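Encoded as structure tokens, the structure appears first; notes follow it.
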Amino acid sequence: MKLQRFYVAGIALTASVALAACGSDNTDSPAAGGASAASANCAAGDLTAQGSSAQKNAMDEWIKAYQGQCSGAKIGYEGTGSGAGIQAFIAGTADFAGSDSALKPEEQPQADAKCPGGQALNLPMVIGPIAVVYNLDGVENLQFSPATLAKIFAGKVTKWDDPAIKAENADAKLPSTAIQAVHRSDESGTTDNFTKYLSKTAEADWTFSNAKAWKAPGGVGAAKSDGVATAVKSTVGAISYVELSFAENSDLKKAKIKNGAGEFVELTGESAGKTIAGAKVKGTGNDLALDIDYATTEAGAYPIVLVTYEIACSKGSPKAAAIKGFLSYTASTGGQSALAELGYAPLPEAVRSKVETSVAAIS
């Protein structure tokens, strides 16, 4: 499997960095599987987490590396989907949750109730660029504007040789094959982010707003990110949206996307990082919920990106020490560098340093 290596300005990608400041529960052995590790405090204890399937590959790598250095730590993460993860956190069956969207206003007080004396924080941890993937024999390097994408996923453009697609791909030999638009069948932060992108950049053609549940008529549903990737891989004429790591793992064709500056931009870690670097923090204090500008005019910025968050208590969790220990690793420069070969983009330093500060304050 060929994975592309990604670099983002401000992140030092290291081959191997040992976990420092580990206590008596540490081992001195290298991180499991040779994964990079970073300065963090080991904390013994069991953690149960679930949620975003978009960050599942990142979590698997982090857990392997952290447990390889911290013998007293045991962490389990299930990619049940963002909505399920948040509900598990609220129900008290997850010590922290992964979500591709920050907590909604109606979810925040329910989550805060699990944090006596504190609040539930939205901590951006993984940039999961969303690739527009397709399966069309003999057709490479397609590119789409927001309006054309909106028409495809709204069911208004149904053939690959539709004039709207041809206008943006003059050199492509487009067949009359029917378009099979694939969307997530489960509630997903990936869907929430993708439809938020469409609603912000193609209002005239996308009238379904944004939500974790797919609202547009037609198309075919597939469960979780790996299900979407499998459906596109096995269906000629298919198009969908899926995190870059899953697109890479399945060797799917990825389209260039037109940004607010009028450029058709290829998806790379660097181009995705430019969009996140321009995001504004809308949370207060140590809550770092981000407001992403999907219509970014930043040169070379790829506009369809999601940030997957860890939802964790600022204080009051009985597992606070263990959560702080693990998340201090994932937020570190070494923890972020471990994502570079997995189809994710490390957090830009300006964002990463804020996350590290918020995690350090967990008690």
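Labeling convention for the structure tokens: chains A, B, ... as they appear, residues from 1 per chain, ligands from 1 in order of appearance.
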
Give me the residues near Lys212 (chain A) as a PyMOL selection string, where near means some atom within 8 Å (using only C-alpha atoms) and where sequence neighbours in that chain fewer than 5 positions away do not count. chain A and resi 83+187-192

Could you turn the residues from that selection into a file that holds N, CA, C and O atoms, as a PDB file, in the first residue's frame?
```
ATOM      1  N   GLY A  83     -21.424  10.696  16.259  1.00  0.00           N
ATOM      2  CA  GLY A  83     -22.646  10.810  17.052  1.00  0.00           C
ATOM      3  C   GLY A  83     -22.694   9.807  18.182  1.00  0.00           C
ATOM      4  O   GLY A  83     -23.045  10.147  19.325  1.00  0.00           O
ATOM      5  N   GLU A 187     -24.781   8.405  11.232  1.00  0.00           N
ATOM      6  CA  GLU A 187     -24.507   9.797  11.581  1.00  0.00           C
ATOM      7  C   GLU A 187     -22.998   9.995  11.643  1.00  0.00           C
ATOM      8  O   GLU A 187     -22.282   9.222  12.285  1.00  0.00           O
ATOM      9  N   SER A 188     -22.528  11.031  10.984  1.00  0.00           N
ATOM     10  CA  SER A 188     -21.091  11.176  10.803  1.00  0.00           C
ATOM     11  C   SER A 188     -20.674  12.637  10.808  1.00  0.00           C
ATOM     12  O   SER A 188     -21.293  13.471  10.139  1.00  0.00           O
ATOM     13  N   GLY A 189     -19.600  12.932  11.518  1.00  0.00           N
ATOM     14  CA  GLY A 189     -19.024  14.265  11.462  1.00  0.00           C
ATOM     15  C   GLY A 189     -18.448  14.558  10.089  1.00  0.00           C
ATOM     16  O   GLY A 189     -18.361  15.718   9.680  1.00  0.00           O
ATOM     17  N   THR A 190     -18.060  13.508   9.372  1.00  0.00           N
ATOM     18  CA  THR A 190     -17.561  13.700   8.009  1.00  0.00           C
ATOM     19  C   THR A 190     -18.676  14.257   7.129  1.00  0.00           C
ATOM     20  O   THR A 190     -18.474  15.197   6.364  1.00  0.00           O
ATOM     21  N   THR A 191     -19.863  13.678   7.236  1.00  0.00           N
ATOM     22  CA  THR A 191     -21.022  14.200   6.509  1.00  0.00           C
ATOM     23  C   THR A 191     -21.341  15.619   6.944  1.00  0.00           C
ATOM     24  O   THR A 191     -21.624  16.489   6.112  1.00  0.00           O
ATOM     25  N   ASP A 192     -21.273  15.884   8.243  1.00  0.00           N
ATOM     26  CA  ASP A 192     -21.554  17.219   8.765  1.00  0.00           C
ATOM     27  C   ASP A 192     -20.601  18.246   8.141  1.00  0.00           C
ATOM     28  O   ASP A 192     -21.019  19.321   7.695  1.00  0.00           O
TER      29      ASP A 192
END
```

Extract, using only C-alpha atoms, all DNA, RNA and protein residues at most 9 Å from Ala44 (chain A), discarding same-chain residues fewer than 4 positions from it, and format them as a compact mmCIF listing (two decimals) with all heavy atoms, in the first residue's frame.
```txt
# COMPACT_ATOMS: atom_id res chain seq x y z
N ASP A 25 5.83 3.67 35.92
CA ASP A 25 5.08 2.70 35.13
C ASP A 25 5.66 2.51 33.73
O ASP A 25 5.16 1.72 32.96
CB ASP A 25 3.62 3.16 34.99
CG ASP A 25 2.89 3.04 36.30
OD1 ASP A 25 3.03 2.01 36.96
OD2 ASP A 25 2.18 3.98 36.66
N ASN A 26 6.72 3.24 33.40
CA ASN A 26 7.24 3.20 32.05
C ASN A 26 8.09 1.97 31.80
O ASN A 26 8.64 1.37 32.69
CB ASN A 26 8.15 4.41 31.78
CG ASN A 26 7.42 5.71 31.95
OD1 ASN A 26 6.21 5.68 32.13
ND2 ASN A 26 8.12 6.81 31.90
N CYS A 70 4.46 3.21 27.91
CA CYS A 70 3.82 3.36 29.22
C CYS A 70 3.13 2.05 29.59
O CYS A 70 1.96 1.83 29.25
CB CYS A 70 2.81 4.51 29.18
SG CYS A 70 3.52 6.08 28.66
N SER A 71 3.85 1.21 30.28
CA SER A 71 3.36 -0.16 30.52
C SER A 71 2.12 -0.20 31.38
O SER A 71 1.38 -1.18 31.36
CB SER A 71 4.47 -1.01 31.16
OG SER A 71 4.86 -0.45 32.40
N GLY A 72 1.86 0.83 32.17
CA GLY A 72 0.67 0.83 33.02
C GLY A 72 -0.56 1.37 32.35
O GLY A 72 -1.63 1.43 32.97
N ALA A 73 -0.45 1.77 31.09
CA ALA A 73 -1.59 2.36 30.39
C ALA A 73 -2.25 1.33 29.48
O ALA A 73 -1.59 0.55 28.80
CB ALA A 73 -1.12 3.55 29.55
N LYS A 74 -3.57 1.35 29.47
CA LYS A 74 -4.35 0.48 28.58
C LYS A 74 -5.49 1.31 28.02
O LYS A 74 -6.34 1.80 28.77
CB LYS A 74 -4.88 -0.74 29.32
CG LYS A 74 -5.60 -1.73 28.41
CD LYS A 74 -6.07 -2.96 29.18
CE LYS A 74 -6.78 -3.94 28.25
NZ LYS A 74 -7.29 -5.12 28.99
N ALA A 321 -6.13 11.92 35.19
CA ALA A 321 -4.68 11.76 35.05
C ALA A 321 -4.34 10.94 33.81
O ALA A 321 -3.42 11.27 33.05
CB ALA A 321 -4.09 11.12 36.30
N ALA A 322 -5.09 9.85 33.60
CA ALA A 322 -4.83 8.99 32.46
C ALA A 322 -5.16 9.69 31.14
O ALA A 322 -4.43 9.57 30.14
CB ALA A 322 -5.62 7.70 32.58
N GLY A 325 -2.47 12.28 30.45
CA GLY A 325 -1.23 11.65 30.02
C GLY A 325 -1.27 11.27 28.55
O GLY A 325 -0.35 11.58 27.79
```

Long-range neighbours of Gly92 (chain A) as a PyMOL selection string, 12 Å cut-off, only C-alpha atoms, 2 positions minimum in chain: chain A and resi 48-50+85-90+94-97+110-115+312-313+317-319

Mind writing the picked residues with N, CA and C atoms as a PDB file, in the first residue's frame?
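Result written to out_11.pdb:
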```
ATOM      1  N   THR A  48     -11.400   3.980  28.172  1.00  0.00           N
ATOM      2  CA  THR A  48     -12.312   3.503  27.140  1.00  0.00           C
ATOM      3  C   THR A  48     -12.819   4.701  26.364  1.00  0.00           C
ATOM      4  N   ALA A  49     -12.631   4.685  25.056  1.00  0.00           N
ATOM      5  CA  ALA A  49     -13.062   5.810  24.228  1.00  0.00           C
ATOM      6  C   ALA A  49     -13.679   5.286  22.945  1.00  0.00           C
ATOM      7  N   GLN A  50     -14.480   6.137  22.319  1.00  0.00           N
ATOM      8  CA  GLN A  50     -15.087   5.773  21.037  1.00  0.00           C
ATOM      9  C   GLN A  50     -15.524   7.016  20.304  1.00  0.00           C
ATOM     10  N   GLY A  85     -20.118   8.407  19.608  1.00  0.00           N
ATOM     11  CA  GLY A  85     -19.086   8.735  20.574  1.00  0.00           C
ATOM     12  C   GLY A  85     -19.537   9.791  21.561  1.00  0.00           C
ATOM     13  N   ILE A  86     -20.183  10.833  21.057  1.00  0.00           N
ATOM     14  CA  ILE A  86     -20.670  11.890  21.940  1.00  0.00           C
ATOM     15  C   ILE A  86     -21.739  11.357  22.876  1.00  0.00           C
ATOM     16  N   GLN A  87     -22.637  10.529  22.360  1.00  0.00           N
ATOM     17  CA  GLN A  87     -23.669   9.959  23.220  1.00  0.00           C
ATOM     18  C   GLN A  87     -23.075   9.045  24.292  1.00  0.00           C
ATOM     19  N   ALA A  88     -22.013   8.323  23.942  1.00  0.00           N
ATOM     20  CA  ALA A  88     -21.345   7.470  24.926  1.00  0.00           C
ATOM     21  C   ALA A  88     -20.680   8.313  26.013  1.00  0.00           C
ATOM     22  N   PHE A  89     -20.098   9.436  25.640  1.00  0.00           N
ATOM     23  CA  PHE A  89     -19.498  10.335  26.627  1.00  0.00           C
ATOM     24  C   PHE A  89     -20.572  10.880  27.567  1.00  0.00           C
ATOM     25  N   ILE A  90     -21.685  11.318  26.989  1.00  0.00           N
ATOM     26  CA  ILE A  90     -22.779  11.857  27.793  1.00  0.00           C
ATOM     27  C   ILE A  90     -23.363  10.776  28.716  1.00  0.00           C
ATOM     28  N   ALA A  94     -17.972   6.311  27.917  1.00  0.00           N
ATOM     29  CA  ALA A  94     -16.692   6.621  27.278  1.00  0.00           C
ATOM     30  C   ALA A  94     -15.971   7.664  28.125  1.00  0.00           C
ATOM     31  N   ASP A  95     -14.694   7.436  28.387  1.00  0.00           N
ATOM     32  CA  ASP A  95     -13.914   8.378  29.188  1.00  0.00           C
ATOM     33  C   ASP A  95     -13.597   9.645  28.400  1.00  0.00           C
ATOM     34  N   PHE A  96     -13.421   9.512  27.108  1.00  0.00           N
ATOM     35  CA  PHE A  96     -13.369  10.657  26.219  1.00  0.00           C
ATOM     36  C   PHE A  96     -13.925  10.195  24.880  1.00  0.00           C
ATOM     37  N   ALA A  97     -14.306  11.145  24.044  1.00  0.00           N
ATOM     38  CA  ALA A  97     -14.923  10.798  22.764  1.00  0.00           C
ATOM     39  C   ALA A  97     -14.183  11.464  21.621  1.00  0.00           C
ATOM     40  N   GLN A 110     -25.197  18.740  28.438  1.00  0.00           N
ATOM     41  CA  GLN A 110     -25.244  17.319  28.799  1.00  0.00           C
ATOM     42  C   GLN A 110     -23.837  16.760  29.006  1.00  0.00           C
ATOM     43  N   ALA A 111     -22.914  17.183  28.159  1.00  0.00           N
ATOM     44  CA  ALA A 111     -21.527  16.739  28.295  1.00  0.00           C
ATOM     45  C   ALA A 111     -20.868  17.379  29.513  1.00  0.00           C
ATOM     46  N   ASP A 112     -21.159  18.656  29.753  1.00  0.00           N
ATOM     47  CA  ASP A 112     -20.590  19.350  30.920  1.00  0.00           C
ATOM     48  C   ASP A 112     -20.991  18.659  32.224  1.00  0.00           C
ATOM     49  N   ALA A 113     -22.185  18.077  32.240  1.00  0.00           N
ATOM     50  CA  ALA A 113     -22.677  17.418  33.456  1.00  0.00           C
ATOM     51  C   ALA A 113     -21.806  16.237  33.853  1.00  0.00           C
ATOM     52  N   LYS A 114     -21.010  15.730  32.932  1.00  0.00           N
ATOM     53  CA  LYS A 114     -20.100  14.616  33.228  1.00  0.00           C
ATOM     54  C   LYS A 114     -18.762  15.109  33.764  1.00  0.00           C
ATOM     55  N   CYS A 115     -18.630  16.428  33.924  1.00  0.00           N
ATOM     56  CA  CYS A 115     -17.359  17.032  34.338  1.00  0.00           C
ATOM     57  C   CYS A 115     -17.584  17.902  35.575  1.00  0.00           C
ATOM     58  N   ALA A 312     -13.252  15.904  26.003  1.00  0.00           N
ATOM     59  CA  ALA A 312     -12.732  15.463  27.295  1.00  0.00           C
ATOM     60  C   ALA A 312     -13.040  16.508  28.359  1.00  0.00           C
ATOM     61  N   CYS A 313     -13.128  16.070  29.604  1.00  0.00           N
ATOM     62  CA  CYS A 313     -13.413  16.982  30.711  1.00  0.00           C
ATOM     63  C   CYS A 313     -12.195  17.822  31.059  1.00  0.00           C
ATOM     64  N   SER A 317     -13.170  14.500  35.882  1.00  0.00           N
ATOM     65  CA  SER A 317     -13.232  13.100  35.462  1.00  0.00           C
ATOM     66  C   SER A 317     -12.415  12.235  36.410  1.00  0.00           C
ATOM     67  N   PRO A 318     -12.945  11.080  36.827  1.00  0.00           N
ATOM     68  CA  PRO A 318     -12.154  10.179  37.677  1.00  0.00           C
ATOM     69  C   PRO A 318     -10.927   9.618  36.945  1.00  0.00           C
ATOM     70  N   LYS A 319     -10.908   9.740  35.637  1.00  0.00           N
ATOM     71  CA  LYS A 319      -9.773   9.250  34.833  1.00  0.00           C
ATOM     72  C   LYS A 319      -8.903  10.413  34.345  1.00  0.00           C
TER      73      LYS A 319
END
```

Need the shell around region 141-148 of chain A: protein/DNA/RNA residues with any atom at most 9 Å away, counting only C-alpha atoms. Skip same-chain ones fewer than 4 positions apart. Format as an MDAnalysis selection string? chainID A and resid 134 152:153 157 164:165 168:169 172 197:198 201:206 253:259 262 264:266

Nearest residue to Tyr329 (chain A) from the set A:Leu174, A:Gly343, A:Ser199, A:Ala360 (distances using only C-alpha atoms):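 Once distances to Tyr329 (chain A) are computed over only C-alpha atoms, the minimum belongs to A:Ala360.
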
Using DSSP on the backbone coordinates, identify all residues within region 150-311 of chain A classified as alpha helix (DSSP H); present the result as a ChimeraX atom specification. /A:150-153,163-168,189-201,224-233,244-249,269-277

Those same residues - C-alpha atoms - I'd like them written as a tab-separated table (two decimals), in the first residue's frame.
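Output contents, as saved in result22.tsv:
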```
chain	number	residue	atom	x	y	z
A	150	ALA	CA	-23.47	20.25	-4.96
A	151	LYS	CA	-25.43	19.37	-8.11
A	152	ILE	CA	-23.96	15.86	-8.17
A	153	PHE	CA	-24.75	15.07	-4.54
A	163	PRO	CA	-22.10	19.63	-19.40
A	164	ALA	CA	-21.35	20.92	-15.89
A	165	ILE	CA	-18.62	18.30	-15.39
A	166	LYS	CA	-17.34	18.64	-18.97
A	167	ALA	CA	-16.95	22.40	-18.57
A	168	GLU	CA	-14.49	21.90	-15.72
A	189	GLY	CA	-19.02	14.27	11.46
A	190	THR	CA	-17.56	13.70	8.01
A	191	THR	CA	-21.02	14.20	6.51
A	192	ASP	CA	-21.55	17.22	8.77
A	193	ASN	CA	-18.33	18.83	7.53
A	194	PHE	CA	-18.86	17.92	3.87
A	195	THR	CA	-22.42	19.28	3.82
A	196	LYS	CA	-21.27	22.35	5.75
A	197	TYR	CA	-18.74	22.95	2.98
A	198	LEU	CA	-21.47	22.63	0.32
A	199	SER	CA	-23.90	24.87	2.21
A	200	LYS	CA	-21.24	27.57	2.68
A	201	THR	CA	-19.85	27.53	-0.87
A	224	LYS	CA	-18.59	4.33	8.27
A	225	SER	CA	-15.54	5.55	6.41
A	226	ASP	CA	-14.25	2.13	5.43
A	227	GLY	CA	-17.69	1.21	4.08
A	228	VAL	CA	-17.73	4.30	1.86
A	229	ALA	CA	-14.25	3.56	0.54
A	230	THR	CA	-15.22	-0.05	-0.19
A	231	ALA	CA	-18.42	1.02	-1.99
A	232	VAL	CA	-16.53	3.43	-4.27
A	233	LYS	CA	-13.78	0.90	-4.95
A	244	LEU	CA	-7.80	11.09	2.98
A	245	SER	CA	-6.39	8.20	5.01
A	246	PHE	CA	-9.19	5.91	3.80
A	247	ALA	CA	-8.83	7.15	0.22
A	248	GLU	CA	-5.11	6.39	0.35
A	249	ASN	CA	-5.60	2.98	1.96
A	269	GLY	CA	-1.24	17.65	3.89
A	270	GLU	CA	0.23	21.05	3.13
A	271	SER	CA	-2.79	22.32	1.17
A	272	ALA	CA	-5.20	21.09	3.89
A	273	GLY	CA	-3.04	22.60	6.61
A	274	LYS	CA	-3.31	26.04	4.98
A	275	THR	CA	-7.08	26.00	5.48
A	276	ILE	CA	-6.83	24.93	9.13
A	277	ALA	CA	-4.11	27.49	9.86
```

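Note that the spacing between CA of Lys159 (chain A) and CA of Thr268 (chain A) amounts to 28.1 Å.
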
I'd like the contact shell of Glu243 (chain A) - 9 Å cut-off, only C-alpha atoms, skipping same-chain residues fewer than 5 positions apart - returned as a list in words.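 In the requested form, the answer reads Ala54, Gln55, Gly128, Pro129, Ile130, Ala131, Val132, Thr190, Ser225, Glu248, Val305, Leu306, Gly343 and Tyr344 of chain A.
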
Put those residues in a file: all heavy atoms, as an mmCIF file, in the first residue's frame.
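As a result, part.cif now contains:
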```
data_model
loop_
_atom_site.group_PDB
_atom_site.id
_atom_site.type_symbol
_atom_site.label_atom_id
_atom_site.label_comp_id
_atom_site.auth_asym_id
_atom_site.auth_seq_id
_atom_site.Cartn_x
_atom_site.Cartn_y
_atom_site.Cartn_z
ATOM 1 N N ALA A 54 -13.153 8.622 11.440
ATOM 2 C CA ALA A 54 -12.148 9.334 10.663
ATOM 3 C C ALA A 54 -10.792 9.325 11.363
ATOM 4 O O ALA A 54 -9.751 9.322 10.725
ATOM 5 C CB ALA A 54 -12.592 10.774 10.422
ATOM 6 N N GLN A 55 -10.804 9.331 12.697
ATOM 7 C CA GLN A 55 -9.540 9.361 13.423
ATOM 8 C C GLN A 55 -9.098 7.981 13.921
ATOM 9 O O GLN A 55 -8.101 7.871 14.632
ATOM 10 C CB GLN A 55 -9.615 10.336 14.594
ATOM 11 C CG GLN A 55 -10.613 9.966 15.683
ATOM 12 C CD GLN A 55 -10.514 10.874 16.901
ATOM 13 O OE1 GLN A 55 -10.160 10.458 17.981
ATOM 14 N NE2 GLN A 55 -10.834 12.150 16.721
ATOM 15 N N GLY A 128 -8.277 15.760 9.308
ATOM 16 C CA GLY A 128 -8.650 14.700 8.391
ATOM 17 C C GLY A 128 -9.161 15.307 7.102
ATOM 18 O O GLY A 128 -10.359 15.536 6.951
ATOM 19 N N PRO A 129 -8.272 15.629 6.177
ATOM 20 C CA PRO A 129 -8.746 16.204 4.911
ATOM 21 C C PRO A 129 -9.763 15.280 4.251
ATOM 22 O O PRO A 129 -9.598 14.064 4.244
ATOM 23 C CB PRO A 129 -7.468 16.296 4.070
ATOM 24 C CG PRO A 129 -6.339 16.243 5.047
ATOM 25 C CD PRO A 129 -6.818 15.382 6.160
ATOM 26 N N ILE A 130 -10.835 15.860 3.713
ATOM 27 C CA ILE A 130 -11.886 15.068 3.068
ATOM 28 C C ILE A 130 -11.618 15.025 1.566
ATOM 29 O O ILE A 130 -11.644 16.053 0.889
ATOM 30 C CB ILE A 130 -13.278 15.647 3.344
ATOM 31 C CG1 ILE A 130 -13.555 15.688 4.849
ATOM 32 C CG2 ILE A 130 -14.352 14.826 2.624
ATOM 33 C CD1 ILE A 130 -14.868 16.351 5.217
ATOM 34 N N ALA A 131 -11.361 13.843 1.074
ATOM 35 C CA ALA A 131 -11.125 13.661 -0.357
ATOM 36 C C ALA A 131 -12.442 13.411 -1.071
ATOM 37 O O ALA A 131 -13.315 12.701 -0.558
ATOM 38 C CB ALA A 131 -10.180 12.485 -0.577
ATOM 39 N N VAL A 132 -12.592 13.996 -2.249
ATOM 40 C CA VAL A 132 -13.691 13.634 -3.146
ATOM 41 C C VAL A 132 -13.131 12.534 -4.038
ATOM 42 O O VAL A 132 -12.221 12.770 -4.836
ATOM 43 C CB VAL A 132 -14.171 14.830 -3.973
ATOM 44 C CG1 VAL A 132 -15.211 14.379 -5.003
ATOM 45 C CG2 VAL A 132 -14.764 15.897 -3.053
ATOM 46 N N THR A 190 -18.060 13.508 9.372
ATOM 47 C CA THR A 190 -17.561 13.700 8.009
ATOM 48 C C THR A 190 -18.676 14.257 7.129
ATOM 49 O O THR A 190 -18.474 15.197 6.364
ATOM 50 C CB THR A 190 -17.048 12.372 7.421
ATOM 51 O OG1 THR A 190 -16.163 11.757 8.358
ATOM 52 C CG2 THR A 190 -16.307 12.604 6.119
ATOM 53 N N SER A 225 -16.489 5.120 7.441
ATOM 54 C CA SER A 225 -15.543 5.550 6.405
ATOM 55 C C SER A 225 -15.046 4.387 5.557
ATOM 56 O O SER A 225 -14.931 4.500 4.328
ATOM 57 C CB SER A 225 -14.353 6.265 7.056
ATOM 58 O OG SER A 225 -14.779 7.404 7.761
ATOM 59 N N GLU A 248 -6.452 6.898 0.616
ATOM 60 C CA GLU A 248 -5.110 6.385 0.351
ATOM 61 C C GLU A 248 -5.052 4.873 0.556
ATOM 62 O O GLU A 248 -4.490 4.139 -0.261
ATOM 63 C CB GLU A 248 -4.093 7.075 1.276
ATOM 64 C CG GLU A 248 -3.873 8.544 0.995
ATOM 65 C CD GLU A 248 -2.957 8.785 -0.194
ATOM 66 O OE1 GLU A 248 -2.411 7.817 -0.729
ATOM 67 O OE2 GLU A 248 -2.784 9.955 -0.584
ATOM 68 N N VAL A 305 -11.949 20.294 4.492
ATOM 69 C CA VAL A 305 -11.181 19.685 5.576
ATOM 70 C C VAL A 305 -12.072 19.524 6.796
ATOM 71 O O VAL A 305 -13.034 20.257 6.986
ATOM 72 C CB VAL A 305 -9.953 20.542 5.949
ATOM 73 C CG1 VAL A 305 -8.943 20.583 4.808
ATOM 74 C CG2 VAL A 305 -10.353 21.962 6.332
ATOM 75 N N LEU A 306 -11.753 18.558 7.596
ATOM 76 C CA LEU A 306 -12.403 18.443 8.895
ATOM 77 C C LEU A 306 -11.320 18.337 9.956
ATOM 78 O O LEU A 306 -10.211 17.889 9.693
ATOM 79 C CB LEU A 306 -13.355 17.256 8.957
ATOM 80 C CG LEU A 306 -12.835 15.815 8.855
ATOM 81 C CD1 LEU A 306 -12.236 15.332 10.176
ATOM 82 C CD2 LEU A 306 -13.960 14.884 8.440
ATOM 83 N N GLY A 343 -1.896 9.449 6.071
ATOM 84 C CA GLY A 343 -2.923 10.136 5.296
ATOM 85 C C GLY A 343 -3.621 11.234 6.056
ATOM 86 O O GLY A 343 -4.700 11.679 5.665
ATOM 87 N N TYR A 344 -3.014 11.688 7.155
ATOM 88 C CA TYR A 344 -3.533 12.832 7.901
ATOM 89 C C TYR A 344 -2.564 13.993 7.753
ATOM 90 O O TYR A 344 -1.415 13.812 7.333
ATOM 91 C CB TYR A 344 -3.673 12.496 9.390
ATOM 92 C CG TYR A 344 -4.637 11.393 9.707
ATOM 93 C CD1 TYR A 344 -4.177 10.109 9.996
ATOM 94 C CD2 TYR A 344 -6.005 11.620 9.745
ATOM 95 C CE1 TYR A 344 -5.057 9.083 10.309
ATOM 96 C CE2 TYR A 344 -6.896 10.596 10.052
ATOM 97 C CZ TYR A 344 -6.412 9.333 10.334
ATOM 98 O OH TYR A 344 -7.283 8.316 10.638
#
```

Residues within 6 Å of Asn135 (chain A), please, as a PyMOL selection string. Count only C-alpha atoms; anything in the same chain fewer than 2 positions from it doesn't count. chain A and resi 236-238

I need the residues in region 174-292 of chain A that are strand (DSSP E) according to DSSP; give them as a list in words.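 Taking region 174-292 of chain A and keeping strand (DSSP E) only, one gets Gln180, Ala181, Val182, His183, Arg184, Val220, Gly221, Ala222, Ala238, Ile239, Ser240, Tyr241, Val242, Glu243, Lys253, Lys254, Lys256, Ile257, Lys258, Phe264, Val265, Lys280, Val281, Leu290 and Asp291 of chain A.
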
Which one is closest to Leu149 (chain A): A:Tyr241, A:Ile75, A:Gly45, A:Gly68? Count only C-alpha atoms.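 Of all the options, A:Tyr241 lies closest to Leu149 (chain A).
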
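Of the listed residues (A:Glu349, A:Asp287, A:Glu106, A:Glu78), A:Asp287 comes nearest to Gln119 (chain A); the distances count only C-alpha atoms.
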
CA of Lys104 (chain A) and CA of Thr333 (chain A) are how many Å apart?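 Interatomic distance here is 28.9 Å.
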
CA of Lys56 (chain A) sits from CA of Gly79 (chain A) at a separation of 5.7 Å

Neighbours of region 279-283 of chain A within 12 Å (only C-alpha atoms; same-chain residues fewer than 2 positions away dropped), as a VMD selection string? chain A and resid 102 to 105 108 119 to 124 127 272 to 277 285 to 296 298 301 303 305 to 307 347 to 348 350 to 351 354 to 355 358

Using only C-alpha atoms, can you tell me which of A:Gly138, A:Gly81, A:Pro346, A:Pro116 comes closest to Ala223 (chain A)? A:Gly81
